[in-house]
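Novice: Structure supplied as protein15.txt; contents: compact mmCIF, N, CA, C and O atoms.
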```
# COMPACT_ATOMS: atom_id res chain seq x y z
N PHE A 1 0.83 -1.19 0.00
CA PHE A 1 0.00 0.00 0.00
C PHE A 1 0.87 1.24 0.00
O PHE A 1 1.97 1.25 0.54
N GLY A 2 0.34 2.31 -0.55
CA GLY A 2 1.04 3.57 -0.55
C GLY A 2 0.95 4.24 0.82
O GLY A 2 0.15 3.83 1.68
N TYR A 3 1.75 5.26 1.00
CA TYR A 3 1.81 5.95 2.29
C TYR A 3 0.44 6.49 2.71
O TYR A 3 0.01 6.31 3.86
N SER A 4 -0.27 7.10 1.80
CA SER A 4 -1.59 7.67 2.13
C SER A 4 -2.56 6.60 2.58
O SER A 4 -3.32 6.80 3.54
N GLN A 5 -2.54 5.49 1.91
CA GLN A 5 -3.43 4.40 2.28
C GLN A 5 -3.05 3.81 3.64
O GLN A 5 -3.91 3.47 4.44
N GLN A 6 -1.75 3.73 3.91
CA GLN A 6 -1.30 3.24 5.21
C GLN A 6 -1.75 4.17 6.34
O GLN A 6 -2.25 3.72 7.37
N VAL A 7 -1.61 5.46 6.12
CA VAL A 7 -2.04 6.45 7.11
C VAL A 7 -3.55 6.33 7.35
O VAL A 7 -4.01 6.36 8.49
N THR A 8 -4.29 6.16 6.28
CA THR A 8 -5.75 6.05 6.39
C THR A 8 -6.14 4.79 7.17
O THR A 8 -7.06 4.83 8.00
N MET A 9 -5.44 3.69 6.96
CA MET A 9 -5.75 2.46 7.69
C MET A 9 -5.45 2.61 9.19
O MET A 9 -6.22 2.13 10.03
N ILE A 10 -4.37 3.29 9.53
CA ILE A 10 -4.05 3.54 10.93
C ILE A 10 -5.13 4.44 11.54
O ILE A 10 -5.61 4.19 12.65
N ALA A 11 -5.52 5.47 10.80
CA ALA A 11 -6.56 6.38 11.28
C ALA A 11 -7.88 5.65 11.49
O ALA A 11 -8.62 5.95 12.44
N ASN A 12 -8.18 4.69 10.63
CA ASN A 12 -9.41 3.90 10.80
C ASN A 12 -9.41 3.16 12.14
O ASN A 12 -10.44 3.07 12.80
N GLU A 13 -8.26 2.63 12.52
CA GLU A 13 -8.18 1.94 13.82
C GLU A 13 -8.38 2.93 14.97
O GLU A 13 -9.03 2.59 15.96
N LEU A 14 -7.86 4.13 14.83
CA LEU A 14 -8.08 5.14 15.87
C LEU A 14 -9.56 5.52 15.93
O LEU A 14 -10.10 5.75 17.02
N HIS A 15 -10.19 5.58 14.78
CA HIS A 15 -11.62 5.90 14.75
C HIS A 15 -12.42 4.80 15.45
O HIS A 15 -13.33 5.08 16.23
N ARG A 16 -12.07 3.55 15.16
CA ARG A 16 -12.73 2.43 15.84
C ARG A 16 -12.52 2.50 17.34
O ARG A 16 -13.44 2.24 18.13
N ALA A 17 -11.30 2.84 17.74
CA ALA A 17 -11.01 2.98 19.17
C ALA A 17 -11.90 4.04 19.78
O ALA A 17 -12.43 3.87 20.88
N GLY A 18 -12.09 5.14 19.07
CA GLY A 18 -12.97 6.20 19.56
C GLY A 18 -14.39 5.73 19.76
O GLY A 18 -15.05 6.11 20.73
N ASN A 19 -14.86 4.90 18.85
CA ASN A 19 -16.21 4.34 19.00
C ASN A 19 -16.29 3.46 20.24
O ASN A 19 -17.29 3.51 20.97
N TRP A 20 -15.27 2.66 20.50
CA TRP A 20 -15.27 1.81 21.70
C TRP A 20 -15.15 2.64 22.97
O TRP A 20 -15.77 2.32 23.99
N ILE A 21 -14.38 3.71 22.90
CA ILE A 21 -14.25 4.60 24.06
C ILE A 21 -15.61 5.21 24.37
O ILE A 21 -16.01 5.30 25.53
N ALA A 22 -16.33 5.62 23.33
CA ALA A 22 -17.67 6.19 23.53
C ALA A 22 -18.61 5.18 24.17
O ALA A 22 -19.51 5.56 24.94
N ASP A 23 -18.40 3.90 23.87
CA ASP A 23 -19.21 2.83 24.48
C ASP A 23 -18.64 2.39 25.83
O ASP A 23 -19.13 1.42 26.41
N ASP A 24 -17.59 3.07 26.27
CA ASP A 24 -16.92 2.79 27.55
C ASP A 24 -16.37 1.36 27.60
O ASP A 24 -16.46 0.68 28.63
N ASP A 25 -15.79 0.92 26.49
CA ASP A 25 -15.18 -0.41 26.43
C ASP A 25 -13.69 -0.24 26.09
O ASP A 25 -13.28 -0.34 24.93
N MET A 26 -12.90 0.01 27.13
CA MET A 26 -11.48 0.27 26.92
C MET A 26 -10.72 -0.99 26.47
O MET A 26 -9.69 -0.87 25.82
N ALA A 27 -11.23 -2.16 26.81
CA ALA A 27 -10.55 -3.39 26.37
C ALA A 27 -10.57 -3.47 24.84
O ALA A 27 -9.54 -3.79 24.22
N GLU A 28 -11.70 -3.18 24.23
CA GLU A 28 -11.78 -3.19 22.76
C GLU A 28 -10.99 -2.04 22.17
O GLU A 28 -10.37 -2.19 21.11
N ALA A 29 -11.02 -0.89 22.83
CA ALA A 29 -10.25 0.25 22.34
C ALA A 29 -8.76 -0.09 22.33
O ALA A 29 -8.04 0.25 21.37
N LYS A 30 -8.29 -0.78 23.36
CA LYS A 30 -6.88 -1.17 23.40
C LYS A 30 -6.53 -2.11 22.25
O LYS A 30 -5.43 -2.03 21.70
N LEU A 31 -7.45 -2.99 21.89
CA LEU A 31 -7.21 -3.87 20.74
C LEU A 31 -7.06 -3.05 19.45
O LEU A 31 -6.22 -3.37 18.60
N CYS A 32 -7.86 -2.01 19.32
CA CYS A 32 -7.73 -1.12 18.16
C CYS A 32 -6.38 -0.42 18.18
O CYS A 32 -5.73 -0.29 17.13
N TYR A 33 -5.95 0.03 19.34
CA TYR A 33 -4.64 0.67 19.46
C TYR A 33 -3.52 -0.31 19.10
O TYR A 33 -2.54 0.06 18.45
N GLU A 34 -3.66 -1.57 19.51
CA GLU A 34 -2.66 -2.57 19.17
C GLU A 34 -2.58 -2.76 17.66
O GLU A 34 -1.48 -2.83 17.09
N ARG A 35 -3.73 -2.84 17.00
CA ARG A 35 -3.73 -2.96 15.54
C ARG A 35 -3.12 -1.73 14.89
O ARG A 35 -2.35 -1.83 13.93
N ALA A 36 -3.44 -0.55 15.42
CA ALA A 36 -2.87 0.69 14.89
C ALA A 36 -1.35 0.68 15.05
O ALA A 36 -0.62 1.09 14.13
N MET A 37 -0.86 0.20 16.19
CA MET A 37 0.59 0.16 16.41
C MET A 37 1.26 -0.85 15.47
O MET A 37 2.36 -0.59 14.98
N GLU A 38 0.59 -1.95 15.18
CA GLU A 38 1.13 -2.92 14.23
C GLU A 38 1.22 -2.30 12.83
O GLU A 38 2.24 -2.43 12.15
N LEU A 39 0.14 -1.66 12.41
CA LEU A 39 0.15 -1.00 11.10
C LEU A 39 1.21 0.10 11.05
O LEU A 39 1.89 0.26 10.03
N LEU A 40 1.34 0.83 12.12
CA LEU A 40 2.34 1.89 12.19
C LEU A 40 3.75 1.31 12.09
O LEU A 40 4.60 1.85 11.36
N ALA A 41 4.00 0.22 12.78
CA ALA A 41 5.32 -0.42 12.72
C ALA A 41 5.63 -0.89 11.30
O ALA A 41 6.78 -0.75 10.83
N LEU A 42 4.64 -1.43 10.62
CA LEU A 42 4.85 -1.86 9.23
C LEU A 42 5.13 -0.68 8.32
O LEU A 42 5.97 -0.75 7.42
N THR A 43 4.45 0.41 8.55
CA THR A 43 4.66 1.62 7.76
C THR A 43 6.06 2.18 7.99
O THR A 43 6.78 2.50 7.04
N VAL A 44 6.45 2.26 9.24
CA VAL A 44 7.78 2.79 9.59
C VAL A 44 8.88 1.90 9.00
O VAL A 44 9.92 2.40 8.55
N ALA A 45 8.65 0.60 8.97
CA ALA A 45 9.67 -0.34 8.49
C ALA A 45 10.03 -0.13 7.02
O ALA A 45 11.16 -0.40 6.62
N VAL A 46 9.09 0.35 6.23
CA VAL A 46 9.35 0.50 4.79
C VAL A 46 9.53 1.96 4.37
O VAL A 46 9.81 2.23 3.20
N LEU A 47 9.39 2.88 5.30
CA LEU A 47 9.44 4.31 4.97
C LEU A 47 10.88 4.77 4.74
O LEU A 47 11.77 4.47 5.53
N LYS A 48 11.08 5.48 3.65
CA LYS A 48 12.42 5.98 3.33
C LYS A 48 12.54 7.49 3.53
O LYS A 48 13.64 8.01 3.63
N ASP A 49 11.42 8.18 3.59
CA ASP A 49 11.41 9.63 3.77
C ASP A 49 11.66 9.94 5.25
O ASP A 49 10.82 9.68 6.10
N THR A 50 12.82 10.51 5.56
CA THR A 50 13.19 10.74 6.97
C THR A 50 12.28 11.75 7.67
O THR A 50 12.05 11.62 8.87
N ARG A 51 11.76 12.71 6.94
CA ARG A 51 10.84 13.68 7.56
C ARG A 51 9.57 12.97 8.02
O ARG A 51 9.12 13.14 9.15
N ARG A 52 9.01 12.18 7.14
CA ARG A 52 7.80 11.43 7.50
C ARG A 52 8.10 10.41 8.60
O ARG A 52 7.28 10.20 9.50
N LEU A 53 9.26 9.80 8.52
CA LEU A 53 9.65 8.82 9.53
C LEU A 53 9.70 9.48 10.91
O LEU A 53 9.16 8.95 11.88
N HIS A 54 10.30 10.65 10.98
CA HIS A 54 10.39 11.38 12.25
C HIS A 54 9.00 11.70 12.79
O HIS A 54 8.73 11.52 13.98
N GLU A 55 8.11 12.16 11.93
CA GLU A 55 6.74 12.49 12.34
C GLU A 55 6.00 11.26 12.85
O GLU A 55 5.32 11.31 13.87
N LEU A 56 6.15 10.15 12.14
CA LEU A 56 5.45 8.93 12.56
C LEU A 56 6.00 8.36 13.86
O LEU A 56 5.24 7.80 14.66
N LEU A 57 7.29 8.50 14.08
CA LEU A 57 7.85 8.02 15.34
C LEU A 57 7.36 8.87 16.52
O LEU A 57 7.09 8.33 17.60
N ARG A 58 7.21 10.17 16.32
CA ARG A 58 6.61 11.00 17.36
C ARG A 58 5.15 10.63 17.57
O ARG A 58 4.66 10.58 18.71
N PHE A 59 4.45 10.37 16.49
CA PHE A 59 3.06 9.93 16.58
C PHE A 59 2.97 8.62 17.36
O PHE A 59 2.07 8.43 18.18
N GLN A 60 3.90 7.72 17.13
CA GLN A 60 3.92 6.43 17.81
C GLN A 60 4.03 6.61 19.33
O GLN A 60 3.38 5.90 20.09
N GLU A 61 4.83 7.57 19.75
CA GLU A 61 4.96 7.86 21.19
C GLU A 61 3.62 8.29 21.77
O GLU A 61 3.23 7.85 22.86
N MET A 62 2.92 9.15 21.07
CA MET A 62 1.62 9.63 21.55
C MET A 62 0.59 8.50 21.57
O MET A 62 -0.20 8.40 22.50
N LEU A 63 0.62 7.65 20.57
CA LEU A 63 -0.28 6.51 20.52
C LEU A 63 -0.02 5.57 21.70
O LEU A 63 -0.96 5.08 22.33
N ALA A 64 1.23 5.37 22.03
CA ALA A 64 1.57 4.52 23.17
C ALA A 64 1.03 5.11 24.47
O ALA A 64 0.57 4.37 25.35
N LEU A 65 1.06 6.43 24.60
CA LEU A 65 0.51 7.07 25.80
C LEU A 65 -0.99 6.81 25.92
O LEU A 65 -1.49 6.56 27.02
N LEU A 66 -1.70 6.86 24.82
CA LEU A 66 -3.13 6.58 24.86
C LEU A 66 -3.38 5.12 25.22
O LEU A 66 -4.34 4.81 25.92
N TYR A 67 -2.52 4.26 24.75
CA TYR A 67 -2.67 2.84 25.03
C TYR A 67 -2.53 2.54 26.53
O TYR A 67 -3.28 1.74 27.07
N ILE A 68 -1.59 3.20 27.18
CA ILE A 68 -1.34 2.88 28.59
C ILE A 68 -2.18 3.70 29.56
O ILE A 68 -2.28 3.34 30.73
N ASP A 69 -2.81 4.78 29.09
CA ASP A 69 -3.57 5.65 29.99
C ASP A 69 -4.98 5.88 29.45
O ASP A 69 -5.19 6.73 28.59
N PRO A 70 -5.97 5.13 29.96
CA PRO A 70 -7.35 5.28 29.47
C PRO A 70 -7.89 6.70 29.60
O PRO A 70 -8.67 7.14 28.75
N ALA A 71 -7.48 7.42 30.64
CA ALA A 71 -7.96 8.80 30.79
C ALA A 71 -7.47 9.66 29.62
O ALA A 71 -8.24 10.48 29.09
N GLN A 72 -6.23 9.49 29.21
CA GLN A 72 -5.70 10.23 28.07
C GLN A 72 -6.39 9.80 26.78
O GLN A 72 -6.63 10.63 25.89
N ALA A 73 -6.71 8.51 26.68
CA ALA A 73 -7.40 8.01 25.48
C ALA A 73 -8.75 8.69 25.34
O ALA A 73 -9.13 9.11 24.24
N ARG A 74 -9.46 8.81 26.44
CA ARG A 74 -10.78 9.46 26.38
C ARG A 74 -10.67 10.92 25.95
O ARG A 74 -11.52 11.42 25.22
N LEU A 75 -9.63 11.58 26.40
CA LEU A 75 -9.46 13.01 26.11
C LEU A 75 -8.87 13.28 24.73
O LEU A 75 -9.23 14.27 24.09
N ASN A 76 -7.96 12.44 24.28
CA ASN A 76 -7.13 12.81 23.13
C ASN A 76 -7.23 11.92 21.91
O ASN A 76 -6.51 12.15 20.93
N ASN A 77 -8.08 10.91 21.93
CA ASN A 77 -8.15 9.99 20.78
C ASN A 77 -8.51 10.73 19.49
O ASN A 77 -7.84 10.58 18.48
N ALA A 78 -9.55 11.52 19.51
CA ALA A 78 -9.99 12.22 18.30
C ALA A 78 -8.94 13.19 17.79
O ALA A 78 -8.71 13.29 16.58
N ALA A 79 -8.28 13.88 18.70
CA ALA A 79 -7.24 14.83 18.29
C ALA A 79 -6.05 14.11 17.65
O ALA A 79 -5.49 14.58 16.66
N LEU A 80 -5.69 12.96 18.21
CA LEU A 80 -4.58 12.20 17.65
C LEU A 80 -4.94 11.65 16.27
O LEU A 80 -4.12 11.67 15.35
N GLU A 81 -6.18 11.21 16.12
CA GLU A 81 -6.64 10.73 14.81
C GLU A 81 -6.56 11.84 13.77
O GLU A 81 -6.04 11.64 12.67
N LYS A 82 -7.04 13.01 14.12
CA LYS A 82 -7.00 14.14 13.19
C LYS A 82 -5.56 14.54 12.85
O LYS A 82 -5.24 14.82 11.70
N THR A 83 -4.71 14.53 13.86
CA THR A 83 -3.30 14.86 13.65
C THR A 83 -2.66 13.90 12.66
O THR A 83 -1.93 14.32 11.75
N LEU A 84 -2.92 12.61 12.82
CA LEU A 84 -2.36 11.62 11.90
C LEU A 84 -2.82 11.89 10.48
O LEU A 84 -2.01 11.88 9.55
N ILE A 85 -4.10 12.13 10.30
CA ILE A 85 -4.63 12.37 8.96
C ILE A 85 -3.99 13.61 8.34
O ILE A 85 -3.67 13.63 7.15
N LEU A 86 -3.77 14.63 9.14
CA LEU A 86 -3.18 15.87 8.62
C LEU A 86 -1.70 15.73 8.27
O LEU A 86 -1.14 16.59 7.60
N LEU A 87 -1.07 14.63 8.69
CA LEU A 87 0.33 14.40 8.32
C LEU A 87 0.49 14.10 6.84
O LEU A 87 1.58 14.20 6.29
N ASP A 88 -0.61 13.73 6.19
CA ASP A 88 -0.56 13.40 4.78
C ASP A 88 -1.66 14.17 4.05
O ASP A 88 -2.85 14.01 4.36
N SER A 89 -1.28 14.97 3.08
CA SER A 89 -2.27 15.83 2.40
C SER A 89 -3.32 15.00 1.64
O SER A 89 -4.48 15.38 1.59
N THR A 90 -2.92 13.90 1.06
CA THR A 90 -3.88 13.07 0.33
C THR A 90 -4.91 12.48 1.29
O THR A 90 -6.11 12.48 0.99
N SER A 91 -4.47 12.00 2.45
CA SER A 91 -5.39 11.47 3.45
C SER A 91 -6.32 12.57 3.96
O SER A 91 -7.51 12.34 4.16
N ALA A 92 -5.77 13.75 4.15
CA ALA A 92 -6.59 14.87 4.63
C ALA A 92 -7.67 15.21 3.62
O ALA A 92 -8.81 15.50 3.99
N LYS A 93 -7.34 15.17 2.33
CA LYS A 93 -8.34 15.45 1.29
C LYS A 93 -9.41 14.36 1.28
O LYS A 93 -10.59 14.65 1.12
N LEU A 94 -8.99 13.11 1.46
CA LEU A 94 -9.96 12.01 1.49
C LEU A 94 -10.93 12.15 2.64
O LEU A 94 -12.10 11.79 2.54
N MET A 95 -10.46 12.67 3.77
CA MET A 95 -11.29 12.81 4.97
C MET A 95 -11.93 14.18 5.05
O MET A 95 -12.56 14.51 6.04
N ASN A 96 -11.74 15.01 4.00
CA ASN A 96 -12.30 16.36 3.94
C ASN A 96 -11.85 17.24 5.10
O ASN A 96 -12.64 17.96 5.69
N LEU A 97 -10.56 17.18 5.44
CA LEU A 97 -10.02 18.04 6.50
C LEU A 97 -9.20 19.17 5.90
O LEU A 97 -8.69 19.15 4.88
```
Hey, can you dump this file as structure tokens for me?
Specialist:
Amino acid sequence: FGYSQQVTMIANELHRAGNWIADDDMAEAKLCYERAMELLALTVAVLKDTRRLHELLRFQEMLALLYIDPAQARLNNAALEKTLILLDSTSAKLMNL
């Protein structure tokens, strides 16, 4: 998959996590975060653009914080999802941001 599609797939997992958070099911939200981290790791493994790599590694740190702290997940999931989408202009256009 191309970079934009990879970003969109990671964002989809964050969106799913947000739905589970709204249903107050953090166990399912954590599973979504785990899938997002797997997709992110695969993306980082093949990325050659150092600027994008740096951005995604910082994003990975923030995602890990949401994974370990349910209170932060409730507060920041949507913002992190939007931030990820805005890292790629094609993804942002697809999501109308």
Novice: Given only N, CA, C and O atoms as the basis, pick out the residue of A:Leu94, A:Glu81, A:Asp49, A:Arg74 nearest to Glu13 in chain A.
Specialist: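 The shortest atom-to-atom distance to Glu13 in chain A comes from A:Glu81.
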Novice: Got a sec: who's within 8 Å of range 25-29 of chain A, counting all atoms listed in the file, leaving out chain neighbours fewer than 3 positions off, as a compact mmCIF listing (two decimals) with N, CA, C and O atoms, in the coordinates of the input?
Specialist:
```
# COMPACT_ATOMS: atom_id res chain seq x y z
N GLU A 13 -8.26 2.63 12.52
CA GLU A 13 -8.18 1.94 13.82
C GLU A 13 -8.38 2.93 14.97
O GLU A 13 -9.03 2.59 15.96
N LEU A 14 -7.86 4.13 14.83
CA LEU A 14 -8.08 5.14 15.87
C LEU A 14 -9.56 5.52 15.93
O LEU A 14 -10.10 5.75 17.02
N ARG A 16 -12.07 3.55 15.16
CA ARG A 16 -12.73 2.43 15.84
C ARG A 16 -12.52 2.50 17.34
O ARG A 16 -13.44 2.24 18.13
N ALA A 17 -11.30 2.84 17.74
CA ALA A 17 -11.01 2.98 19.17
C ALA A 17 -11.90 4.04 19.78
O ALA A 17 -12.43 3.87 20.88
N GLY A 18 -12.09 5.14 19.07
CA GLY A 18 -12.97 6.20 19.56
C GLY A 18 -14.39 5.73 19.76
O GLY A 18 -15.05 6.11 20.73
N ASN A 19 -14.86 4.90 18.85
CA ASN A 19 -16.21 4.34 19.00
C ASN A 19 -16.29 3.46 20.24
O ASN A 19 -17.29 3.51 20.97
N TRP A 20 -15.27 2.66 20.50
CA TRP A 20 -15.27 1.81 21.70
C TRP A 20 -15.15 2.64 22.97
O TRP A 20 -15.77 2.32 23.99
N ILE A 21 -14.38 3.71 22.90
CA ILE A 21 -14.25 4.60 24.06
C ILE A 21 -15.61 5.21 24.37
O ILE A 21 -16.01 5.30 25.53
N ALA A 22 -16.33 5.62 23.33
CA ALA A 22 -17.67 6.19 23.53
C ALA A 22 -18.61 5.18 24.17
O ALA A 22 -19.51 5.56 24.94
N CYS A 32 -7.86 -2.01 19.32
CA CYS A 32 -7.73 -1.12 18.16
C CYS A 32 -6.38 -0.42 18.18
O CYS A 32 -5.73 -0.29 17.13
N TYR A 33 -5.95 0.03 19.34
CA TYR A 33 -4.64 0.67 19.46
C TYR A 33 -3.52 -0.31 19.10
O TYR A 33 -2.54 0.06 18.45
N GLU A 34 -3.66 -1.57 19.51
CA GLU A 34 -2.66 -2.57 19.17
C GLU A 34 -2.58 -2.76 17.66
O GLU A 34 -1.48 -2.83 17.09
N ARG A 35 -3.73 -2.84 17.00
CA ARG A 35 -3.73 -2.96 15.54
C ARG A 35 -3.12 -1.73 14.89
O ARG A 35 -2.35 -1.83 13.93
N ALA A 36 -3.44 -0.55 15.42
CA ALA A 36 -2.87 0.69 14.89
C ALA A 36 -1.35 0.68 15.05
O ALA A 36 -0.62 1.09 14.13
N LEU A 66 -1.70 6.86 24.82
CA LEU A 66 -3.13 6.58 24.86
C LEU A 66 -3.38 5.12 25.22
O LEU A 66 -4.34 4.81 25.92
N TYR A 67 -2.52 4.26 24.75
CA TYR A 67 -2.67 2.84 25.03
C TYR A 67 -2.53 2.54 26.53
O TYR A 67 -3.28 1.74 27.07
N PRO A 70 -5.97 5.13 29.96
CA PRO A 70 -7.35 5.28 29.47
C PRO A 70 -7.89 6.70 29.60
O PRO A 70 -8.67 7.14 28.75
```
Novice: Contacts of range 6-8 of chain A at 7 Å or less, counting all atoms listed in the file, minus same-chain residues fewer than 6 places along, as a ChimeraX atom specification?
Specialist: /A:14,39-40,43,84-85,91
Novice: When you draw a straight line from atom O of Val46 in chain A to atom N of Ala78 in chain A, how long is it in Å?
Specialist: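 Atom-to-atom, atom O of Val46 in chain A and atom N of Ala78 in chain A are spaced 27.0 Å apart.
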Novice: For a test of reading the model, state the distance in Å between atom C of Leu56 in chain A and atom N of Ser89 in chain A, rounded to one decimal.
Specialist: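 So the two atoms, atom C of Leu56 in chain A and atom N of Ser89 in chain A, lie 14.6 Å apart.
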Novice: With only C-alpha atoms as the atoms that count, which of A:Ala79, A:Asp88, A:Gly2, A:Lys93 lies nearest to Arg52 in chain A?
Specialist: A:Asp88
Novice: Which one of A:Met95, A:Leu87, A:Ala11, A:Leu80 sits closest to Arg51 in chain A if you count only C-alpha atoms?
Specialist: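 Ranking A:Met95, A:Leu87, A:Ala11, A:Leu80 by distance to Arg51 in chain A, first place goes to A:Leu87.
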Novice: Separation of CA of Met37 in chain A and CA of Leu63 in chain A, in Å?
Specialist: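 These two atoms are separated by 7.6 Å.
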Novice: Between A:Asn76, A:Phe1, A:Asn96, A:Asp24, which one has atoms that come closest to Leu47 in chain A, using only C-alpha atoms?
Specialist: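 Answer, going by the shortest atom-to-atom distance: A:Phe1.
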Novice: Using only C-alpha atoms, which of A:Ala92, A:Ala71, A:Met62, A:Ile10 sits nearest Leu42 in chain A?
Specialist: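 Nearest to Leu42 in chain A: A:Ile10.
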Novice: Which residue, A:Leu31, A:Ala41, A:Leu65, A:Glu55, has the smallest gap to Leu86 in chain A when you use only C-alpha atoms?
Specialist: A:Glu55
Novice: Could you add whatever atoms are missing so that range 47-55 of chain A carries all heavy atoms, then write the result as a PDB file, in the frame of the given file?
Specialist:
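Result written to out.pdb:
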```pdb
ATOM      1  N   LEU A  47       9.390   2.880   5.300  1.00  0.00           N
ATOM      2  CA  LEU A  47       9.440   4.310   4.970  1.00  0.00           C
ATOM      3  C   LEU A  47      10.880   4.770   4.740  1.00  0.00           C
ATOM      4  O   LEU A  47      11.770   4.470   5.530  1.00  0.00           O
ATOM      5  CB  LEU A  47       8.811   5.104   6.110  1.00  0.00           C
ATOM      6  CG  LEU A  47       8.336   6.509   5.814  1.00  0.00           C
ATOM      7  CD1 LEU A  47       7.346   6.522   4.657  1.00  0.00           C
ATOM      8  CD2 LEU A  47       7.667   7.082   7.039  1.00  0.00           C
ATOM      9  N   LYS A  48      11.080   5.480   3.650  1.00  0.00           N
ATOM     10  CA  LYS A  48      12.420   5.980   3.330  1.00  0.00           C
ATOM     11  C   LYS A  48      12.540   7.490   3.530  1.00  0.00           C
ATOM     12  O   LYS A  48      13.640   8.010   3.630  1.00  0.00           O
ATOM     13  CB  LYS A  48      12.763   5.607   1.894  1.00  0.00           C
ATOM     14  CG  LYS A  48      12.930   4.106   1.714  1.00  0.00           C
ATOM     15  CD  LYS A  48      13.293   3.763   0.309  1.00  0.00           C
ATOM     16  CE  LYS A  48      13.587   2.334   0.038  1.00  0.00           C
ATOM     17  NZ  LYS A  48      12.850   1.312   0.657  1.00  0.00           N
ATOM     18  N   ASP A  49      11.420   8.180   3.590  1.00  0.00           N
ATOM     19  CA  ASP A  49      11.410   9.630   3.770  1.00  0.00           C
ATOM     20  C   ASP A  49      11.660   9.940   5.250  1.00  0.00           C
ATOM     21  O   ASP A  49      10.820   9.680   6.100  1.00  0.00           O
ATOM     22  CB  ASP A  49      10.052  10.183   3.330  1.00  0.00           C
ATOM     23  CG  ASP A  49       9.943  11.689   3.427  1.00  0.00           C
ATOM     24  OD1 ASP A  49      10.734  12.310   4.155  1.00  0.00           O
ATOM     25  OD2 ASP A  49       9.042  12.254   2.780  1.00  0.00           O
ATOM     26  N   THR A  50      12.820  10.510   5.560  1.00  0.00           N
ATOM     27  CA  THR A  50      13.190  10.740   6.970  1.00  0.00           C
ATOM     28  C   THR A  50      12.280  11.750   7.670  1.00  0.00           C
ATOM     29  O   THR A  50      12.050  11.620   8.870  1.00  0.00           O
ATOM     30  CB  THR A  50      14.661  11.193   7.088  1.00  0.00           C
ATOM     31  OG1 THR A  50      14.857  12.366   6.296  1.00  0.00           O
ATOM     32  CG2 THR A  50      15.600  10.097   6.640  1.00  0.00           C
ATOM     33  N   ARG A  51      11.760  12.710   6.940  1.00  0.00           N
ATOM     34  CA  ARG A  51      10.840  13.680   7.560  1.00  0.00           C
ATOM     35  C   ARG A  51       9.570  12.970   8.020  1.00  0.00           C
ATOM     36  O   ARG A  51       9.120  13.140   9.150  1.00  0.00           O
ATOM     37  CB  ARG A  51      10.503  14.805   6.571  1.00  0.00           C
ATOM     38  CG  ARG A  51       9.606  15.884   7.142  1.00  0.00           C
ATOM     39  CD  ARG A  51       9.166  16.887   6.085  1.00  0.00           C
ATOM     40  NE  ARG A  51       8.471  16.278   4.967  1.00  0.00           N
ATOM     41  CZ  ARG A  51       7.172  15.952   4.959  1.00  0.00           C
ATOM     42  NH1 ARG A  51       6.444  16.170   6.023  1.00  0.00           N
ATOM     43  NH2 ARG A  51       6.618  15.417   3.892  1.00  0.00           N
ATOM     44  N   ARG A  52       9.010  12.180   7.140  1.00  0.00           N
ATOM     45  CA  ARG A  52       7.800  11.430   7.500  1.00  0.00           C
ATOM     46  C   ARG A  52       8.100  10.410   8.600  1.00  0.00           C
ATOM     47  O   ARG A  52       7.280  10.200   9.500  1.00  0.00           O
ATOM     48  CB  ARG A  52       7.226  10.708   6.288  1.00  0.00           C
ATOM     49  CG  ARG A  52       6.526  11.619   5.338  1.00  0.00           C
ATOM     50  CD  ARG A  52       5.956  10.845   4.180  1.00  0.00           C
ATOM     51  NE  ARG A  52       5.113  11.708   3.372  1.00  0.00           N
ATOM     52  CZ  ARG A  52       4.642  11.365   2.187  1.00  0.00           C
ATOM     53  NH1 ARG A  52       4.919  10.175   1.683  1.00  0.00           N
ATOM     54  NH2 ARG A  52       3.885  12.192   1.507  1.00  0.00           N
ATOM     55  N   LEU A  53       9.260   9.800   8.520  1.00  0.00           N
ATOM     56  CA  LEU A  53       9.650   8.820   9.530  1.00  0.00           C
ATOM     57  C   LEU A  53       9.700   9.480  10.910  1.00  0.00           C
ATOM     58  O   LEU A  53       9.160   8.950  11.880  1.00  0.00           O
ATOM     59  CB  LEU A  53      11.002   8.210   9.185  1.00  0.00           C
ATOM     60  CG  LEU A  53      11.569   7.201  10.167  1.00  0.00           C
ATOM     61  CD1 LEU A  53      10.657   5.986  10.271  1.00  0.00           C
ATOM     62  CD2 LEU A  53      12.961   6.780   9.754  1.00  0.00           C
ATOM     63  N   HIS A  54      10.300  10.650  10.980  1.00  0.00           N
ATOM     64  CA  HIS A  54      10.390  11.380  12.250  1.00  0.00           C
ATOM     65  C   HIS A  54       9.000  11.700  12.790  1.00  0.00           C
ATOM     66  O   HIS A  54       8.730  11.520  13.980  1.00  0.00           O
ATOM     67  CB  HIS A  54      11.222  12.648  12.045  1.00  0.00           C
ATOM     68  CG  HIS A  54      11.460  13.417  13.286  1.00  0.00           C
ATOM     69  ND1 HIS A  54      12.285  12.965  14.298  1.00  0.00           N
ATOM     70  CD2 HIS A  54      10.985  14.608  13.706  1.00  0.00           C
ATOM     71  CE1 HIS A  54      12.295  13.847  15.275  1.00  0.00           C
ATOM     72  NE2 HIS A  54      11.512  14.863  14.939  1.00  0.00           N
ATOM     73  N   GLU A  55       8.110  12.160  11.930  1.00  0.00           N
ATOM     74  CA  GLU A  55       6.740  12.490  12.340  1.00  0.00           C
ATOM     75  C   GLU A  55       6.000  11.260  12.850  1.00  0.00           C
ATOM     76  O   GLU A  55       5.320  11.310  13.870  1.00  0.00           O
ATOM     77  CB  GLU A  55       5.971  13.111  11.170  1.00  0.00           C
ATOM     78  CG  GLU A  55       6.446  14.480  10.779  1.00  0.00           C
ATOM     79  CD  GLU A  55       5.810  14.972   9.498  1.00  0.00           C
ATOM     80  OE1 GLU A  55       5.197  14.158   8.763  1.00  0.00           O
ATOM     81  OE2 GLU A  55       5.928  16.174   9.207  1.00  0.00           O
TER      82      GLU A  55
END
```
